[in-house]
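One file, protein16.cif, carrying mmCIF, N, CA and C atoms:
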```cif
data_input
loop_
_atom_site.label_atom_id
_atom_site.label_comp_id
_atom_site.auth_asym_id
_atom_site.auth_seq_id
_atom_site.Cartn_x
_atom_site.Cartn_y
_atom_site.Cartn_z
N MET J 5 0.84 -1.17 0.00
CA MET J 5 0.00 0.00 0.00
C MET J 5 0.89 1.24 0.00
N LYS J 6 0.72 2.03 -1.00
CA LYS J 6 1.48 3.27 -1.09
C LYS J 6 0.91 4.28 -0.09
N LEU J 7 1.75 5.21 0.33
CA LEU J 7 1.28 6.22 1.28
C LEU J 7 0.25 7.16 0.65
N LEU J 8 0.26 7.29 -0.66
CA LEU J 8 -0.78 8.04 -1.34
C LEU J 8 -2.14 7.38 -1.11
N THR J 9 -2.18 6.05 -1.19
CA THR J 9 -3.42 5.31 -0.93
C THR J 9 -3.85 5.50 0.52
N HIS J 10 -2.91 5.34 1.44
CA HIS J 10 -3.22 5.50 2.86
C HIS J 10 -3.86 6.86 3.13
N ASN J 11 -3.36 7.88 2.45
CA ASN J 11 -3.83 9.25 2.66
C ASN J 11 -5.31 9.41 2.35
N MET J 12 -5.84 8.52 1.54
CA MET J 12 -7.23 8.64 1.10
C MET J 12 -8.19 7.65 1.76
N LEU J 13 -7.66 6.76 2.59
CA LEU J 13 -8.51 5.76 3.23
C LEU J 13 -9.08 6.26 4.55
N THR J 14 -10.30 5.83 4.85
CA THR J 14 -10.97 6.18 6.10
C THR J 14 -11.86 5.02 6.52
N SER J 15 -12.19 4.98 7.78
CA SER J 15 -13.12 3.96 8.28
C SER J 15 -14.45 4.58 8.70
N LYS J 16 -14.80 5.72 8.11
CA LYS J 16 -16.01 6.45 8.52
C LYS J 16 -17.31 5.74 8.17
N ASN J 17 -17.26 4.66 7.40
CA ASN J 17 -18.47 3.91 7.07
C ASN J 17 -18.91 2.96 8.18
N MET J 18 -18.07 2.83 9.21
CA MET J 18 -18.47 2.00 10.35
C MET J 18 -19.53 2.76 11.14
N LYS J 19 -20.49 2.02 11.69
CA LYS J 19 -21.64 2.68 12.32
C LYS J 19 -21.29 3.53 13.55
N THR J 20 -20.22 3.25 14.25
CA THR J 20 -19.89 4.03 15.45
C THR J 20 -18.79 5.06 15.20
N VAL J 21 -18.37 5.21 13.94
CA VAL J 21 -17.24 6.09 13.61
C VAL J 21 -17.74 7.35 12.91
N THR J 22 -17.23 8.49 13.35
CA THR J 22 -17.60 9.76 12.76
C THR J 22 -16.66 10.17 11.63
N THR J 23 -15.36 10.15 11.92
CA THR J 23 -14.36 10.58 10.95
C THR J 23 -13.51 9.41 10.45
N GLY J 24 -12.92 8.66 11.38
CA GLY J 24 -12.12 7.50 11.01
C GLY J 24 -10.88 7.83 10.21
N TYR J 25 -10.31 9.00 10.46
CA TYR J 25 -9.18 9.47 9.66
C TYR J 25 -8.25 10.31 10.52
N PRO J 26 -6.97 10.20 10.33
CA PRO J 26 -6.25 9.25 9.49
C PRO J 26 -6.10 7.91 10.20
N LEU J 27 -6.05 6.86 9.42
CA LEU J 27 -5.83 5.53 9.96
C LEU J 27 -4.38 5.42 10.44
N ILE J 28 -4.20 4.77 11.56
CA ILE J 28 -2.86 4.58 12.13
C ILE J 28 -2.21 3.39 11.43
N ILE J 29 -0.97 3.56 11.00
CA ILE J 29 -0.26 2.46 10.33
C ILE J 29 0.55 1.70 11.36
N GLN J 30 0.34 0.40 11.40
CA GLN J 30 1.14 -0.50 12.21
C GLN J 30 1.80 -1.46 11.21
N ALA J 31 2.99 -1.11 10.74
CA ALA J 31 3.63 -1.85 9.66
C ALA J 31 4.55 -2.95 10.19
N ARG J 32 4.49 -4.09 9.53
CA ARG J 32 5.43 -5.17 9.81
C ARG J 32 6.51 -5.23 8.72
N ASP J 33 6.11 -4.98 7.48
CA ASP J 33 7.06 -4.97 6.36
C ASP J 33 6.85 -3.71 5.54
N VAL J 34 7.93 -2.97 5.33
CA VAL J 34 7.89 -1.76 4.50
C VAL J 34 9.01 -1.89 3.48
N LYS J 35 8.69 -1.60 2.23
CA LYS J 35 9.69 -1.63 1.16
C LYS J 35 9.69 -0.31 0.42
N VAL J 36 10.83 -0.01 -0.16
CA VAL J 36 10.94 1.13 -1.05
C VAL J 36 11.14 0.58 -2.44
N MET J 37 10.19 0.89 -3.32
CA MET J 37 10.24 0.39 -4.70
C MET J 37 10.29 1.58 -5.64
N GLU J 38 11.26 1.57 -6.54
CA GLU J 38 11.43 2.68 -7.47
C GLU J 38 10.25 2.76 -8.44
N VAL J 39 9.73 3.97 -8.59
CA VAL J 39 8.63 4.25 -9.50
C VAL J 39 9.05 5.42 -10.37
N GLU J 40 8.70 5.38 -11.65
CA GLU J 40 9.06 6.46 -12.57
C GLU J 40 8.52 7.80 -12.06
N PHE J 41 9.38 8.80 -12.05
CA PHE J 41 9.01 10.14 -11.58
C PHE J 41 8.26 10.87 -12.67
N ARG J 42 7.05 11.34 -12.32
CA ARG J 42 6.25 12.16 -13.23
C ARG J 42 5.84 13.42 -12.46
N ALA J 43 6.57 14.50 -12.71
CA ALA J 43 6.37 15.75 -11.97
C ALA J 43 4.94 16.27 -12.08
N GLU J 44 4.35 16.18 -13.26
CA GLU J 44 3.00 16.71 -13.45
C GLU J 44 1.98 15.96 -12.59
N PHE J 45 2.12 14.63 -12.51
CA PHE J 45 1.21 13.85 -11.68
C PHE J 45 1.33 14.26 -10.22
N ILE J 46 2.55 14.36 -9.72
CA ILE J 46 2.77 14.72 -8.32
C ILE J 46 2.22 16.11 -8.03
N SER J 47 2.50 17.06 -8.90
CA SER J 47 2.03 18.43 -8.65
C SER J 47 0.50 18.51 -8.69
N ARG J 48 -0.15 17.66 -9.45
CA ARG J 48 -1.62 17.64 -9.47
C ARG J 48 -2.21 16.93 -8.26
N MET J 49 -1.49 16.00 -7.67
CA MET J 49 -1.99 15.26 -6.52
C MET J 49 -1.84 16.02 -5.21
N ILE J 50 -0.83 16.85 -5.10
CA ILE J 50 -0.55 17.54 -3.83
C ILE J 50 -1.75 18.31 -3.28
N PRO J 51 -2.50 19.05 -4.10
CA PRO J 51 -3.66 19.76 -3.52
C PRO J 51 -4.78 18.82 -3.05
N LYS J 52 -4.76 17.58 -3.50
CA LYS J 52 -5.83 16.63 -3.18
C LYS J 52 -5.57 15.80 -1.93
N ILE J 53 -4.37 15.90 -1.39
CA ILE J 53 -4.04 15.07 -0.23
C ILE J 53 -3.92 15.90 1.03
N ASP J 54 -3.94 15.21 2.15
CA ASP J 54 -3.72 15.83 3.45
C ASP J 54 -2.22 15.76 3.72
N TRP J 55 -1.53 16.88 3.49
CA TRP J 55 -0.06 16.89 3.57
C TRP J 55 0.43 16.52 4.96
N GLU J 56 -0.22 17.05 5.99
CA GLU J 56 0.19 16.75 7.36
C GLU J 56 0.09 15.25 7.64
N CYS J 57 -0.97 14.63 7.18
CA CYS J 57 -1.17 13.19 7.36
C CYS J 57 -0.09 12.40 6.61
N LEU J 58 0.24 12.83 5.40
CA LEU J 58 1.29 12.16 4.62
C LEU J 58 2.63 12.24 5.35
N CYS J 59 2.97 13.40 5.85
CA CYS J 59 4.23 13.57 6.58
C CYS J 59 4.27 12.72 7.85
N ARG J 60 3.15 12.67 8.57
CA ARG J 60 3.09 11.87 9.79
C ARG J 60 3.26 10.38 9.47
N ALA J 61 2.61 9.91 8.42
CA ALA J 61 2.73 8.51 8.02
C ALA J 61 4.18 8.19 7.62
N ALA J 62 4.79 9.06 6.85
CA ALA J 62 6.18 8.86 6.42
C ALA J 62 7.11 8.85 7.63
N GLU J 63 6.87 9.75 8.57
CA GLU J 63 7.69 9.82 9.78
C GLU J 63 7.52 8.55 10.62
N ASP J 64 6.28 8.08 10.77
CA ASP J 64 6.02 6.86 11.54
C ASP J 64 6.73 5.65 10.94
N LEU J 65 6.90 5.65 9.63
CA LEU J 65 7.57 4.54 8.95
C LEU J 65 9.08 4.76 8.82
N GLY J 66 9.57 5.91 9.30
CA GLY J 66 11.00 6.20 9.23
C GLY J 66 11.46 6.66 7.87
N HIS J 67 10.56 7.24 7.08
CA HIS J 67 10.90 7.67 5.72
C HIS J 67 10.61 9.13 5.45
N LEU J 68 10.52 9.95 6.49
CA LEU J 68 10.26 11.37 6.28
C LEU J 68 11.47 12.05 5.64
N ASN J 69 12.67 11.62 6.06
CA ASN J 69 13.93 12.18 5.56
C ASN J 69 13.87 13.70 5.62
N ASP J 70 14.12 14.40 4.51
CA ASP J 70 14.12 15.86 4.54
C ASP J 70 12.90 16.45 3.82
N LEU J 71 11.80 15.69 3.82
CA LEU J 71 10.56 16.20 3.25
C LEU J 71 10.04 17.32 4.16
N PRO J 72 9.75 18.50 3.60
CA PRO J 72 9.26 19.59 4.45
C PRO J 72 7.88 19.29 5.03
N LYS J 73 7.64 19.79 6.23
CA LYS J 73 6.36 19.56 6.92
C LYS J 73 5.21 20.38 6.34
N SER J 74 5.52 21.30 5.46
CA SER J 74 4.48 22.06 4.77
C SER J 74 4.85 22.18 3.29
N VAL J 75 3.83 22.34 2.47
CA VAL J 75 4.04 22.45 1.03
C VAL J 75 4.54 23.86 0.72
N PRO J 76 5.69 23.96 0.05
CA PRO J 76 6.22 25.30 -0.24
C PRO J 76 5.40 26.02 -1.32
N ASP J 77 5.48 27.34 -1.29
CA ASP J 77 4.85 28.13 -2.35
C ASP J 77 5.53 27.78 -3.67
N ASN J 78 4.77 27.84 -4.73
CA ASN J 78 5.30 27.58 -6.07
C ASN J 78 5.91 26.17 -6.18
N TYR J 79 5.34 25.21 -5.45
CA TYR J 79 5.87 23.84 -5.45
C TYR J 79 5.86 23.20 -6.83
N GLU J 80 4.95 23.63 -7.71
CA GLU J 80 4.85 23.04 -9.05
C GLU J 80 6.15 23.19 -9.85
N ASN J 81 6.93 24.20 -9.51
CA ASN J 81 8.19 24.45 -10.24
C ASN J 81 9.42 24.04 -9.45
N ASP J 82 9.23 23.40 -8.31
CA ASP J 82 10.34 22.99 -7.44
C ASP J 82 10.57 21.48 -7.62
N GLU J 83 11.41 21.14 -8.59
CA GLU J 83 11.61 19.72 -8.92
C GLU J 83 12.19 18.93 -7.76
N ASP J 84 13.06 19.53 -6.96
CA ASP J 84 13.62 18.83 -5.81
C ASP J 84 12.52 18.45 -4.82
N PHE J 85 11.62 19.39 -4.53
CA PHE J 85 10.50 19.10 -3.64
C PHE J 85 9.60 18.02 -4.24
N LEU J 86 9.28 18.14 -5.53
CA LEU J 86 8.40 17.17 -6.18
C LEU J 86 9.00 15.76 -6.14
N LYS J 87 10.31 15.65 -6.27
CA LYS J 87 10.96 14.33 -6.20
C LYS J 87 10.87 13.76 -4.78
N LYS J 88 11.01 14.60 -3.78
CA LYS J 88 10.87 14.13 -2.39
C LYS J 88 9.43 13.69 -2.12
N ALA J 89 8.47 14.48 -2.61
CA ALA J 89 7.06 14.12 -2.44
C ALA J 89 6.75 12.83 -3.19
N HIS J 90 7.28 12.69 -4.39
CA HIS J 90 7.10 11.48 -5.19
C HIS J 90 7.60 10.25 -4.43
N HIS J 91 8.77 10.38 -3.83
CA HIS J 91 9.35 9.25 -3.09
C HIS J 91 8.41 8.80 -1.97
N VAL J 92 7.93 9.74 -1.18
CA VAL J 92 7.07 9.40 -0.05
C VAL J 92 5.71 8.90 -0.52
N MET J 93 5.13 9.55 -1.50
CA MET J 93 3.79 9.19 -1.94
C MET J 93 3.73 7.87 -2.69
N LEU J 94 4.74 7.58 -3.52
CA LEU J 94 4.63 6.44 -4.44
C LEU J 94 5.67 5.34 -4.26
N GLU J 95 6.79 5.64 -3.63
CA GLU J 95 7.84 4.62 -3.55
C GLU J 95 7.90 3.90 -2.20
N VAL J 96 7.43 4.53 -1.14
CA VAL J 96 7.40 3.88 0.17
C VAL J 96 6.10 3.09 0.25
N GLU J 97 6.22 1.77 0.47
CA GLU J 97 5.04 0.90 0.48
C GLU J 97 4.99 0.04 1.73
N VAL J 98 3.81 -0.01 2.33
CA VAL J 98 3.56 -0.95 3.42
C VAL J 98 3.15 -2.27 2.76
N ILE J 99 3.94 -3.31 2.98
CA ILE J 99 3.66 -4.61 2.38
C ILE J 99 2.74 -5.42 3.28
N ASN J 100 3.05 -5.49 4.55
CA ASN J 100 2.23 -6.22 5.52
C ASN J 100 2.13 -5.41 6.80
N GLY J 101 0.94 -5.43 7.39
CA GLY J 101 0.71 -4.71 8.64
C GLY J 101 -0.77 -4.53 8.86
N ASP J 102 -1.10 -3.50 9.62
CA ASP J 102 -2.50 -3.19 9.92
C ASP J 102 -2.72 -1.69 9.84
N LEU J 103 -3.94 -1.31 9.46
CA LEU J 103 -4.41 0.06 9.56
C LEU J 103 -5.40 0.07 10.71
N ILE J 104 -5.25 1.00 11.62
CA ILE J 104 -6.08 1.00 12.83
C ILE J 104 -6.94 2.26 12.84
N CYS J 105 -8.24 2.06 13.03
CA CYS J 105 -9.18 3.17 13.12
C CYS J 105 -8.87 3.97 14.39
N PRO J 106 -8.70 5.29 14.28
CA PRO J 106 -8.37 6.09 15.46
C PRO J 106 -9.53 6.22 16.46
N GLU J 107 -10.75 5.91 16.03
CA GLU J 107 -11.91 6.04 16.91
C GLU J 107 -12.34 4.72 17.54
N SER J 108 -12.32 3.65 16.75
CA SER J 108 -12.82 2.36 17.25
C SER J 108 -11.71 1.35 17.57
N SER J 109 -10.50 1.64 17.14
CA SER J 109 -9.34 0.74 17.27
C SER J 109 -9.48 -0.54 16.43
N ARG J 110 -10.44 -0.56 15.53
CA ARG J 110 -10.62 -1.71 14.62
C ARG J 110 -9.42 -1.80 13.71
N LYS J 111 -8.88 -3.02 13.57
CA LYS J 111 -7.72 -3.23 12.70
C LYS J 111 -8.18 -3.72 11.33
N PHE J 112 -7.59 -3.12 10.31
CA PHE J 112 -7.80 -3.54 8.93
C PHE J 112 -6.45 -4.07 8.43
N PRO J 113 -6.39 -5.33 8.01
CA PRO J 113 -5.10 -5.89 7.60
C PRO J 113 -4.62 -5.37 6.24
N VAL J 114 -3.30 -5.26 6.13
CA VAL J 114 -2.65 -4.99 4.85
C VAL J 114 -1.82 -6.23 4.56
N THR J 115 -2.16 -6.91 3.47
CA THR J 115 -1.48 -8.15 3.10
C THR J 115 -0.97 -8.03 1.68
N ASP J 116 0.30 -8.28 1.50
CA ASP J 116 0.93 -8.18 0.18
C ASP J 116 0.64 -6.82 -0.47
N GLY J 117 0.63 -5.77 0.35
CA GLY J 117 0.44 -4.41 -0.15
C GLY J 117 -1.00 -4.00 -0.39
N ILE J 118 -1.95 -4.88 -0.07
CA ILE J 118 -3.36 -4.59 -0.33
C ILE J 118 -4.11 -4.41 0.98
N PRO J 119 -4.66 -3.21 1.22
CA PRO J 119 -5.44 -3.00 2.45
C PRO J 119 -6.83 -3.62 2.29
N ASN J 120 -7.26 -4.36 3.30
CA ASN J 120 -8.60 -4.96 3.30
C ASN J 120 -9.48 -4.13 4.22
N MET J 121 -10.33 -3.31 3.61
CA MET J 121 -11.19 -2.40 4.37
C MET J 121 -12.62 -2.92 4.47
N LEU J 122 -12.83 -4.20 4.15
CA LEU J 122 -14.18 -4.75 4.22
C LEU J 122 -14.66 -4.80 5.67
N LEU J 123 -15.91 -4.43 5.85
CA LEU J 123 -16.50 -4.41 7.17
C LEU J 123 -17.34 -5.67 7.39
N ASN J 124 -17.44 -6.08 8.64
CA ASN J 124 -18.35 -7.17 8.99
C ASN J 124 -19.78 -6.63 8.99
N GLU J 125 -20.74 -7.50 8.82
CA GLU J 125 -22.13 -7.09 8.73
C GLU J 125 -22.58 -6.26 9.94
N ASP J 126 -22.10 -6.64 11.13
CA ASP J 126 -22.52 -5.92 12.34
C ASP J 126 -21.85 -4.56 12.50
N GLU J 127 -20.90 -4.21 11.63
CA GLU J 127 -20.19 -2.92 11.70
C GLU J 127 -20.80 -1.86 10.78
N ILE J 128 -21.76 -2.28 9.97
CA ILE J 128 -22.33 -1.37 8.97
C ILE J 128 -23.55 -0.66 9.55
#
```
Representation of the structure as structure tokens:
Amino acid sequence: MKLLTHNMLTSKNMKTVTTGYPLIIQARDVKVMEVEFRAEFISRMIPKIDWECLCRAAEDLGHLNDLPKSVPDNYENDEDFLKKAHHVMLEVEVINGDLICPESSRKFPVTDGIPNMLLNEDEI
């Protein structure tokens, strides 16, 4: 599961959960896999994500490195920043672990990089 995916997942569909975001990552296996850098894609995704949540997830996994805690002005033209964002968003992957709802503590497994967010019938 890429951190870009994590940034968009929530458990708010559970009947006792209001927000369910951000999910807490409890990783057992994390890999860094090289992905082709596409500056235009990254610059278009940045306004759509929760930057603070992305930074916190990267920090929790030990991959924050020198990524700034806030998006700089004119980031679309800052290739160094875009490459750092690309690395965190697309190259750092949780292979196995759990995503934990911050409100209910319900664990959602991540197996072979795929988060299983299916709810039990009594949770809907």
Nearest-residue call for J:Cys59, choices J:Ser74, J:Val21, J:Arg32, J:Phe45, using all atoms listed in the file |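 Closest to J:Cys59 of all the choices is J:Ser74.
Of the listed residues J:Leu8, J:Asn81, J:Asp116, J:Glu97, the one whose atoms come nearest to J:Met37 is J:Glu97, with distances taken using only C-alpha atoms.
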With only N, CA and C atoms as the basis for distance, which of J:Leu13, J:Met5, J:Leu123, J:Ala62 is at the shortest distance from J:Asn100?
->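 So, comparing all the options, the nearest one is J:Met5.
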How would you write, as a PyMOL selection string, the residues chosen by the PyMOL selection byres (((chain J and resi 43 and name CA) around 12) and name CA) on this structure?
-> chain J and resi 39-42+44-50+79-91
Report, as lines of an AutoDock Vina configuration file, the axis-aligned box around all atoms of stretch 71-81 of chain J present in the file, extended by 3 Å on each side; give centre and edge lengths in Å to one decimal place.
```
center_x = 7.8
center_y = 21.9
center_z = -1.7
size_x = 14.0
size_y = 18.4
size_z = 23.2
```
Counting only N, CA and C atoms, what is within 7 Å of J:Ile118, bar same-chain residues fewer than 2 positions away, as a list in words?
->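 Neighbouring residues, sequence-local ones excluded: Met5, Val98, Ile99, Asn100, Pro113, Val114, Thr115, Asp116, Asn120 and Met121 of chain J.
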Work out how far apart atom CA of J:Gly24 and atom C of J:Asn11 are and give it in Å to one decimal.
->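 If I compute the distance from atom CA of J:Gly24 to atom C of J:Asn11, I get 11.2 Å.
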Could you write out as an MDAnalysis selection string the residues that the PyMOL selection byres ((chain J and resi 103-108) around 6.5) matches in the shown file?
-> chainID J and resid 15 21 24:30 101:102 109:114
Quick one, how far is atom C of J:Asn17 from atom CA of J:Leu58?
-> 22.5 Å
